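Inspection log for the structure reproduced underneath, given as structure tokens.
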Amino acid sequence: MTRNEWGATCQAVLDASVPGTHFTPFEIADVGRRIEWTTLQAPAIPLLDTALRLIDVLEWVRAENFSAPILVNSWYRDVYYNNACGGAPGSMHMTLGAADIVKVGTEPEEVRELLEQHPDADKFGIGSYEGFSHIDIRGHMMRDAPARW
């Protein structure tokens, strides 16, 4: 699937499922993005159901405490892209079920604390790194949860 085809297909799903979302197809999967020897390919369309579930969480993070934009560092990675960027084998990013984010004006540890207050926190993987936070919805995908680092 080309970058343009991905953009149109994903946008149609977003418009039908989460009208008004603050996230775009190319935040979800920046198809065509290059790293080292590989180019990010589009995810399988059925995986968008997972992205929609994660969007619900990210919209909650955006609105909670004070409304602020969420910047996406990394969301979808195909297996080759995940390998090239040093991602973990079996990474939730390969399922559209994980994102590395920044909530503008908020430190990663504050985002972690915020995510711990979410009603589904026991189903999440939550990580804090220097400059960004990781959130995944592993427990909704039949993976062991919760996970923290």
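Chain labels run A, B, ... following the order of the structure tokens; each chain numbers its residues from 1, and ligands are numbered from 1 in the order shown.
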- Mind listing the alpha helix (DSSP H) residues of chain A, per DSSP on the backbone, as a VMD selection string? chain A and resid 3 to 17 25 to 28 48 to 63 79 to 84 108 to 116
Just to be explicit: take each residue in the selection above, keep N, CA and C atoms, and write the result as a tab-separated table (two decimals), in the first residue's frame.
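As written to disk, part15.tsv reads:
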```tsv
chain	number	residue	atom	x	y	z
A	3	ARG	N	1.89	5.31	0.50
A	3	ARG	CA	1.67	6.30	1.56
A	3	ARG	C	0.30	6.98	1.39
A	4	ASN	N	0.00	7.39	0.16
A	4	ASN	CA	-1.27	8.06	-0.09
A	4	ASN	C	-2.47	7.14	0.13
A	5	GLU	N	-2.34	5.89	-0.28
A	5	GLU	CA	-3.42	4.92	-0.05
A	5	GLU	C	-3.64	4.70	1.44
A	6	TRP	N	-2.53	4.57	2.19
A	6	TRP	CA	-2.63	4.42	3.64
A	6	TRP	C	-3.35	5.62	4.24
A	7	GLY	N	-2.91	6.82	3.86
A	7	GLY	CA	-3.51	8.03	4.42
A	7	GLY	C	-5.01	8.09	4.19
A	8	ALA	N	-5.44	7.80	2.97
A	8	ALA	CA	-6.87	7.86	2.65
A	8	ALA	C	-7.66	6.77	3.36
A	9	THR	N	-7.13	5.57	3.38
A	9	THR	CA	-7.82	4.44	4.01
A	9	THR	C	-7.94	4.65	5.52
A	10	CYS	N	-6.84	5.00	6.14
A	10	CYS	CA	-6.85	5.22	7.58
A	10	CYS	C	-7.75	6.40	7.95
A	11	GLN	N	-7.69	7.47	7.19
A	11	GLN	CA	-8.52	8.64	7.49
A	11	GLN	C	-10.00	8.28	7.40
A	12	ALA	N	-10.39	7.46	6.44
A	12	ALA	CA	-11.78	7.04	6.32
A	12	ALA	C	-12.22	6.26	7.57
A	13	VAL	N	-11.34	5.40	8.07
A	13	VAL	CA	-11.65	4.64	9.28
A	13	VAL	C	-11.76	5.59	10.48
A	14	LEU	N	-10.82	6.54	10.60
A	14	LEU	CA	-10.87	7.50	11.70
A	14	LEU	C	-12.14	8.33	11.64
A	15	ASP	N	-12.49	8.82	10.45
A	15	ASP	CA	-13.69	9.65	10.31
A	15	ASP	C	-14.95	8.88	10.70
A	16	ALA	N	-15.00	7.60	10.36
A	16	ALA	CA	-16.18	6.79	10.67
A	16	ALA	C	-16.23	6.36	12.13
A	17	SER	N	-15.06	6.16	12.74
A	17	SER	CA	-15.01	5.55	14.07
A	17	SER	C	-14.77	6.54	15.20
A	25	PRO	N	-3.54	9.81	10.30
A	25	PRO	CA	-2.98	8.56	9.79
A	25	PRO	C	-1.46	8.48	9.87
A	26	PHE	N	-0.78	9.61	9.65
A	26	PHE	CA	0.68	9.55	9.62
A	26	PHE	C	1.31	9.67	11.00
A	27	GLU	N	0.53	9.98	12.01
A	27	GLU	CA	1.00	9.81	13.39
A	27	GLU	C	0.87	8.33	13.77
A	28	ILE	N	-0.18	7.70	13.31
A	28	ILE	CA	-0.39	6.28	13.60
A	28	ILE	C	0.66	5.43	12.90
A	48	LEU	N	-6.18	-1.65	12.53
A	48	LEU	CA	-6.71	-0.34	12.92
A	48	LEU	C	-7.67	-0.43	14.10
A	49	ASP	N	-8.31	-1.58	14.30
A	49	ASP	CA	-9.17	-1.74	15.48
A	49	ASP	C	-8.36	-1.55	16.76
A	50	THR	N	-7.13	-2.02	16.75
A	50	THR	CA	-6.23	-1.84	17.90
A	50	THR	C	-5.89	-0.36	18.06
A	51	ALA	N	-5.58	0.29	16.95
A	51	ALA	CA	-5.25	1.73	17.01
A	51	ALA	C	-6.42	2.53	17.57
A	52	LEU	N	-7.63	2.17	17.21
A	52	LEU	CA	-8.80	2.90	17.71
A	52	LEU	C	-8.91	2.78	19.22
A	53	ARG	N	-8.61	1.62	19.75
A	53	ARG	CA	-8.64	1.43	21.20
A	53	ARG	C	-7.56	2.29	21.87
A	54	LEU	N	-6.38	2.33	21.26
A	54	LEU	CA	-5.29	3.16	21.82
A	54	LEU	C	-5.63	4.65	21.69
A	55	ILE	N	-6.27	5.04	20.61
A	55	ILE	CA	-6.69	6.44	20.46
A	55	ILE	C	-7.58	6.85	21.63
A	56	ASP	N	-8.47	6.00	22.07
A	56	ASP	CA	-9.33	6.33	23.22
A	56	ASP	C	-8.47	6.68	24.44
A	57	VAL	N	-7.42	5.91	24.66
A	57	VAL	CA	-6.53	6.17	25.80
A	57	VAL	C	-5.77	7.47	25.59
A	58	LEU	N	-5.25	7.68	24.39
A	58	LEU	CA	-4.47	8.90	24.13
A	58	LEU	C	-5.33	10.15	24.20
A	59	GLU	N	-6.56	10.07	23.74
A	59	GLU	CA	-7.47	11.22	23.87
A	59	GLU	C	-7.76	11.50	25.35
A	60	TRP	N	-7.86	10.46	26.15
A	60	TRP	CA	-8.05	10.63	27.60
A	60	TRP	C	-6.83	11.34	28.20
A	61	VAL	N	-5.63	10.90	27.84
A	61	VAL	CA	-4.41	11.54	28.34
A	61	VAL	C	-4.39	13.01	27.93
A	62	ARG	N	-4.75	13.27	26.70
A	62	ARG	CA	-4.76	14.65	26.18
A	62	ARG	C	-5.66	15.55	27.03
A	63	ALA	N	-6.83	15.05	27.42
A	63	ALA	CA	-7.82	15.87	28.11
A	63	ALA	C	-7.65	15.90	29.62
A	79	VAL	N	7.99	-5.12	11.34
A	79	VAL	CA	9.05	-5.91	11.96
A	79	VAL	C	10.44	-5.42	11.54
A	80	TYR	N	10.59	-5.02	10.30
A	80	TYR	CA	11.90	-4.56	9.81
A	80	TYR	C	12.26	-3.21	10.41
A	81	TYR	N	11.29	-2.32	10.47
A	81	TYR	CA	11.52	-1.00	11.05
A	81	TYR	C	11.80	-1.13	12.55
A	82	ASN	N	11.05	-1.99	13.21
A	82	ASN	CA	11.25	-2.22	14.64
A	82	ASN	C	12.67	-2.72	14.91
A	83	ASN	N	13.14	-3.64	14.09
A	83	ASN	CA	14.49	-4.16	14.23
A	83	ASN	C	15.53	-3.06	14.00
A	84	ALA	N	15.32	-2.25	12.97
A	84	ALA	CA	16.28	-1.20	12.62
A	84	ALA	C	16.39	-0.13	13.69
A	108	PRO	N	7.58	13.12	31.51
A	108	PRO	CA	7.22	11.71	31.36
A	108	PRO	C	6.73	11.05	32.65
A	109	GLU	N	7.32	11.38	33.76
A	109	GLU	CA	6.89	10.78	35.02
A	109	GLU	C	5.47	11.23	35.37
A	110	GLU	N	5.12	12.46	35.02
A	110	GLU	CA	3.75	12.94	35.25
A	110	GLU	C	2.76	12.20	34.36
A	111	VAL	N	3.16	11.91	33.13
A	111	VAL	CA	2.30	11.13	32.23
A	111	VAL	C	2.11	9.73	32.79
A	112	ARG	N	3.18	9.16	33.31
A	112	ARG	CA	3.09	7.83	33.93
A	112	ARG	C	2.07	7.86	35.08
A	113	GLU	N	2.17	8.84	35.95
A	113	GLU	CA	1.24	8.95	37.08
A	113	GLU	C	-0.19	9.15	36.59
A	114	LEU	N	-0.35	9.92	35.53
A	114	LEU	CA	-1.67	10.13	34.96
A	114	LEU	C	-2.25	8.82	34.42
A	115	LEU	N	-1.44	8.09	33.68
A	115	LEU	CA	-1.89	6.81	33.13
A	115	LEU	C	-2.27	5.81	34.22
A	116	GLU	N	-1.61	5.88	35.35
A	116	GLU	CA	-1.94	4.99	36.47
A	116	GLU	C	-3.35	5.26	37.00
```
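Distance-wise, atom CA of Met141 of chain A and atom CA of Val72 of chain A end up 21.2 Å apart.
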- Nearest to His118 of chain A by atom-to-atom distance, counting only C-alpha atoms, from A:Pro46, A:Pro89, A:Asn65, A:Asn73: A:Asn65
- All residues 6 Å or closer to Val102 of chain A, only C-alpha atoms, same chain fewer than 4 positions away omitted, as a list in words: Ile70, Leu71 and Phe132 of chain A
Find the residues of segment 7-116 of chain A that sit at most 6 Å from segment 135-140 of chain A; for each, write down the nearest two atoms and how far apart they are in Å, to one decimal. Count only C-alpha atoms. Sort by chain, then by number going up, and give it as JSON lines.
```
{"residue": "A:Gly97", "atom": "CA", "partner": "A:Asp136", "partner_atom": "CA", "distance": 5.5}
{"residue": "A:Ala98", "atom": "CA", "partner": "A:Asp136", "partner_atom": "CA", "distance": 4.0}
{"residue": "A:Ala99", "atom": "CA", "partner": "A:Ile135", "partner_atom": "CA", "distance": 5.6}
```
- Message: What's the separation between atom CA of Ser74 of chain A and atom CA of Arg143 of chain A, in Å to one decimal place?
- Response: 20.4 Å
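What separates atom CA of Ala147 of chain A from atom CA of Val104 of chain A is a distance of 24.1 Å.
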Within 6 Å of Leu40 of chain A, counting only C-alpha atoms, which residues qualify if same-chain residues fewer than 4 places away don't, as an mmCIF file with N, CA and C atoms, in the first residue's frame?
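The new file around.cif reads:
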```cif
data_model
loop_
_atom_site.group_PDB
_atom_site.id
_atom_site.type_symbol
_atom_site.label_atom_id
_atom_site.label_comp_id
_atom_site.auth_asym_id
_atom_site.auth_seq_id
_atom_site.Cartn_x
_atom_site.Cartn_y
_atom_site.Cartn_z
ATOM 1 N N VAL A 31 3.994 5.905 7.121
ATOM 2 C CA VAL A 31 4.356 5.035 6.000
ATOM 3 C C VAL A 31 5.331 5.766 5.074
ATOM 4 N N GLY A 32 6.409 5.070 4.738
ATOM 5 C CA GLY A 32 7.440 5.649 3.887
ATOM 6 C C GLY A 32 8.612 6.223 4.655
ATOM 7 N N ARG A 33 8.479 6.355 5.957
ATOM 8 C CA ARG A 33 9.578 6.860 6.787
ATOM 9 C C ARG A 33 10.748 5.883 6.717
ATOM 10 N N TYR A 81 11.289 -2.321 10.472
ATOM 11 C CA TYR A 81 11.518 -1.003 11.053
ATOM 12 C C TYR A 81 11.800 -1.133 12.548
#
```
- Pick out the closest residue to His134 of chain A from this set: A:Cys85, A:Met92, A:Ala29, A:Met1. Count only C-alpha atoms. A:Met92
- Query: Which residues, written as a VMD selection string, have at least one atom at most 8 Å from Asp122 of chain A, with only C-alpha atoms counted and residues fewer than 2 positions away on the same chain left out?
  - Reply: chain A and resid 119 to 120 124 139 145 to 146
